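Worksheet: one structure, shown below.
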Amino acid sequence: MPKLNDRQQAAVEHVSGPLLVLAGAGSGKTRVITEKIGYLIEHAGVEPRHIAAVTFTNKAAREMRERVGKRVRRDAVGQMTISTFHRLGLDLLREEHDAIGLRANVSILDAEDTSALIRDLGVTEPDRIKIALRWISDQKQLLLSPADTAAAAESEADATLARLYEQYEAHLAAYNAVDFDDLIVKPTRLLQDDESVRNRWQRRIRYLLVDEYQDTNPVQYAMMRALVGVRARFTVVGDDDQSIYRFRGARPENLADLKVDYPELQVIKLEQNYRSTSRILRSANSVIERNTRLYEKTLWSALGEGTKVRVLNVPDDTVEAERVVSRMQTHRIRSNDNWSDYAILYRSNHQARLIEQALRAQGIAYKMTGGRSFFDRAEVKDLVAYLRLLANPDDDRAFLRIINVPRRELGPATLQRLGNYAQERGCALLQAAQEASALGLISGRQGAELARFCNWHERQSRTTAHMRPDHILAEIIAELAYRDWLAATTPDKVRADRKLKLVDELMDWTRRLAEDERSLDDVVNHFSLVDMLEKQDDGEGKDEVQLATLHASKGLEFPNVFIVGMVDGILPHENTEDVDEERRLFYVGITRAQATLTLTVPQQIKRGGELVDVPPSRFLQELPEADVDWPDAAADAAEQQAQRQKQIEALRARFGARSAQNAESD
Ligand SMILES: Nc1ncnc2c1ncn2[C@@H]1O[C@H](COP(=O)(O)OP(=O)(O)OP(=O)(O)O)[C@@H](O)[C@H]1O
Ligand SMILES: [Mg+2]
């Protein structure tokens, strides 16, 4: 690793009071954090178990752990906390569950679970469910309880929402469950209200480091303040120009506010960029300069001019995907780069589909971050729900999810009776089922099925404590004959195979966690947390092209970057009221690139099955004229012609091969 520059070194060595490292992309902020962790242990006498580093995604946390692992002694990494805010909140919540009023084995409900809960509470229309959940989340972010909101209600509508919030909370408590907001909100409230808990945690976390500070929201900040206390030994690093989570309550102004709360705050600015060539950097600077900014920053690079930023015109988004893939193939052969040296970035998830298709057609391996979640897949959810119900028998959401998977013919009437019974007895659905089947309250085939389910749970629960989570999962899959069931209920062979592959992947993943000696509870929580910010994230270290949303690309770097869909309506997004935030998003995208950057501009895109004209992104004009290779109509036409020729040949080859095969079998 090359040496730190003087300012980075100063940031590393400043350990006595609060420190903000405020600097643009690629200036080594994250590196300062990893180096500083090493410094704290080796030179400042801070024990690893007293150090906590918070990053934005699980992926980033994992990378940081890896980097720190190379820097400090082996056992140290295991002792310190390197995690996301949510993970840190979960640790707090699990250790302090008594004080919070929860039992051990807390379940985490995801977006689908909480929507289902709101539906059960009588709000049926999807849009209204969304509004209600949004509203509840907002209240939580403001640290307001149901009682607070009821007291503050000014209209009948507010009062109704406040009542819904109250019922929602009551149900969560009954399930011994929390939602994602609670992972931060509950620990924060506890830290604020309970002095002894606060003291305990302040003694434990003696030095706190936060990466991507510009995207912390007010509750996360409140949690951080409570943790660092008056000693305020912390380092936060961030870049106001990369604040892209306003919709989650993050504000670039957070950085400025820090000085108000901590007047003794030291601020260190970094200006040298170690990531990108000068042309890429000038492009980034020239775009972000159009924003009204809190801090002017001018980044410079010593990595040379580099190649020009390439802007490509393409007729439509299908051709765009093919063109990006074929350019990548050609470039890779010429440059000898790996697939993992390429990233394709886009504004919205749905844009990934065409790119995936184009990559698959060429047999190129890729991984996706921030896409449709592995954990959103029904098969994965079902199996995880089985694990959840074993970890927490009160998890009614998990019970309802799996009671008819595979089909057990338990109809709505039976489930309703169970629900009523559970409510009367004040117990969880599983317990209600156990009692009802023991008492013979539900007769016939349904009764027998229910009894079988309860027996299974009882038997399995008895052994789970001594079993590895992956073995538990393997037993569940075998016991349910889940693979056969999937195959039997999915007539389409390709889809069935895909589902079976998901099951294998889940199995692999669970095995990897089990090898790290994670308990069942850990595994279940890990899955819930992984799901939240980044989505599918395995395949680490494989040679795969990275596909990611611009949001999910934050903090990462790649030699070659493509940003697709450079049209008005996509980037900036059509629903935005905040063009500055979209521009920051573009800035984040540009600054991921180390050596080459290609922007593609489709003239038409497919919307609802029809090709519609779209104007080029207004951000393109903000790029510096001299650093950009603008589209060349003649070259584009030639390239398109060549590509068409290639496709025809591929078809011919395949067709030819098939007819040869047919001839053989004849
Ligand atoms: N002093 C240095 N000398 C050489 N390379 C460095 C130095 N500091 C950081 N780097 C390298 O520069 C690249 C960018 O660093 P890093 O990811 O820490 O930047 P960052 O400021 O966190 O960027 P971002 O704002 O995108 O998160 C990394 O590859 C890192 O290893
Ligand atoms: Mg960083």
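Ligands are numbered from 1 in the order shown, residues from 1 within each chain, and chains are lettered A, B, ... in the order they appear in the structure tokens.
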
Quick one: residues within 7 Å of ligand 1, with only C-alpha atoms and all ligand atoms, as a ChimeraX atom specification? /A:2-5,23-32,212,239,273-275,554-556,591-592

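The space between CA of Gln416 in chain A and CA of Ala398 in chain A spans 16.0 Å.
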
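Shortest atom-to-atom contact with Ala642 in chain A among A:Arg323, A:Val185, A:Leu191, A:Glu409: A:Arg323, counting only C-alpha atoms.
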
So which residues of range 257-368 of chain A fall under alpha helix (DSSP H) by DSSP, listed as JSON, numbers by chain? {"A": [257, 258, 259, 260, 261, 278, 279, 280, 281, 282, 283, 284, 285, 286, 287, 288, 317, 318, 319, 320, 321, 322, 323, 324, 325, 326, 327, 328, 329, 330, 331, 332, 333, 334, 335, 352, 353, 354, 355, 356, 357, 358, 359, 360, 361]}

Could you save those same residues with C-alpha atoms as a PDB file, in the first residue's frame?
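Now in again-v1.pdb:
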ATOM      1  CA  ASP A 257     -24.271  21.026  11.542  1.00  0.00           C
ATOM      2  CA  LEU A 258     -21.563  18.947  13.120  1.00  0.00           C
ATOM      3  CA  LYS A 259     -19.540  22.063  13.860  1.00  0.00           C
ATOM      4  CA  VAL A 260     -22.478  23.518  15.758  1.00  0.00           C
ATOM      5  CA  ASP A 261     -22.883  20.519  18.037  1.00  0.00           C
ATOM      6  CA  SER A 278      -7.665  13.893 -14.999  1.00  0.00           C
ATOM      7  CA  ARG A 279     -10.215  13.817 -17.803  1.00  0.00           C
ATOM      8  CA  ILE A 280     -12.673  11.831 -15.732  1.00  0.00           C
ATOM      9  CA  LEU A 281     -12.062  14.046 -12.758  1.00  0.00           C
ATOM     10  CA  ARG A 282     -12.522  17.269 -14.707  1.00  0.00           C
ATOM     11  CA  SER A 283     -15.767  15.870 -16.053  1.00  0.00           C
ATOM     12  CA  ALA A 284     -16.960  15.162 -12.532  1.00  0.00           C
ATOM     13  CA  ASN A 285     -15.910  18.606 -11.305  1.00  0.00           C
ATOM     14  CA  SER A 286     -17.520  20.376 -14.219  1.00  0.00           C
ATOM     15  CA  VAL A 287     -20.866  18.664 -13.548  1.00  0.00           C
ATOM     16  CA  ILE A 288     -20.966  19.140  -9.801  1.00  0.00           C
ATOM     17  CA  ASP A 317     -32.383   0.752 -25.006  1.00  0.00           C
ATOM     18  CA  THR A 318     -32.203  -2.777 -26.414  1.00  0.00           C
ATOM     19  CA  VAL A 319     -29.402  -1.829 -28.780  1.00  0.00           C
ATOM     20  CA  GLU A 320     -27.859   0.127 -25.933  1.00  0.00           C
ATOM     21  CA  ALA A 321     -27.501  -3.001 -23.821  1.00  0.00           C
ATOM     22  CA  GLU A 322     -26.042  -4.977 -26.725  1.00  0.00           C
ATOM     23  CA  ARG A 323     -23.661  -2.175 -27.620  1.00  0.00           C
ATOM     24  CA  VAL A 324     -22.381  -1.836 -24.073  1.00  0.00           C
ATOM     25  CA  VAL A 325     -21.730  -5.557 -23.904  1.00  0.00           C
ATOM     26  CA  SER A 326     -19.983  -5.733 -27.263  1.00  0.00           C
ATOM     27  CA  ARG A 327     -17.822  -2.698 -26.433  1.00  0.00           C
ATOM     28  CA  MET A 328     -16.880  -4.320 -23.204  1.00  0.00           C
ATOM     29  CA  GLN A 329     -15.900  -7.516 -24.975  1.00  0.00           C
ATOM     30  CA  THR A 330     -13.723  -5.680 -27.466  1.00  0.00           C
ATOM     31  CA  HIS A 331     -12.155  -3.502 -24.807  1.00  0.00           C
ATOM     32  CA  ARG A 332     -11.413  -6.468 -22.611  1.00  0.00           C
ATOM     33  CA  ILE A 333      -9.529  -8.278 -25.318  1.00  0.00           C
ATOM     34  CA  ARG A 334      -7.489  -5.193 -26.110  1.00  0.00           C
ATOM     35  CA  SER A 335      -6.723  -4.215 -22.530  1.00  0.00           C
ATOM     36  CA  ALA A 352     -30.952  -3.797 -15.506  1.00  0.00           C
ATOM     37  CA  ARG A 353     -33.191  -6.294 -17.242  1.00  0.00           C
ATOM     38  CA  LEU A 354     -32.071  -5.588 -20.812  1.00  0.00           C
ATOM     39  CA  ILE A 355     -28.452  -5.516 -19.735  1.00  0.00           C
ATOM     40  CA  GLU A 356     -28.812  -8.852 -17.984  1.00  0.00           C
ATOM     41  CA  GLN A 357     -30.305 -10.302 -21.139  1.00  0.00           C
ATOM     42  CA  ALA A 358     -27.474  -8.985 -23.278  1.00  0.00           C
ATOM     43  CA  LEU A 359     -24.865 -10.354 -20.868  1.00  0.00           C
ATOM     44  CA  ARG A 360     -26.548 -13.751 -20.704  1.00  0.00           C
ATOM     45  CA  ALA A 361     -26.759 -13.928 -24.467  1.00  0.00           C
TER      46      ALA A 361
END

In Å, rounded to a single decimal, give me how far CA of Arg251 in chain A is from CA of Asp113 in chain A. 28.9 Å

As a count of residues only, please: the residues near Leu430 in chain A (cut-off 8 Å, only C-alpha atoms, same-chain neighbours under 2 positions excluded). 9

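Between ligand 2 and the candidates A:Ala61, A:Ile82, A:Leu651, A:Ala44, the tightest atom-to-atom separation, counting only C-alpha atoms and all ligand atoms, involves A:Ala61.
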
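Separating CA of Arg518 in chain A from CA of Gly38 in chain A is a distance of 26.0 Å.
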
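Neighbouring residues of Met1 in chain A at 12 Å or closer, counting only C-alpha atoms and skipping chain neighbours under 4 positions away, are Arg31, Glu35, Arg67, Lys70 and Arg71 of chain A.
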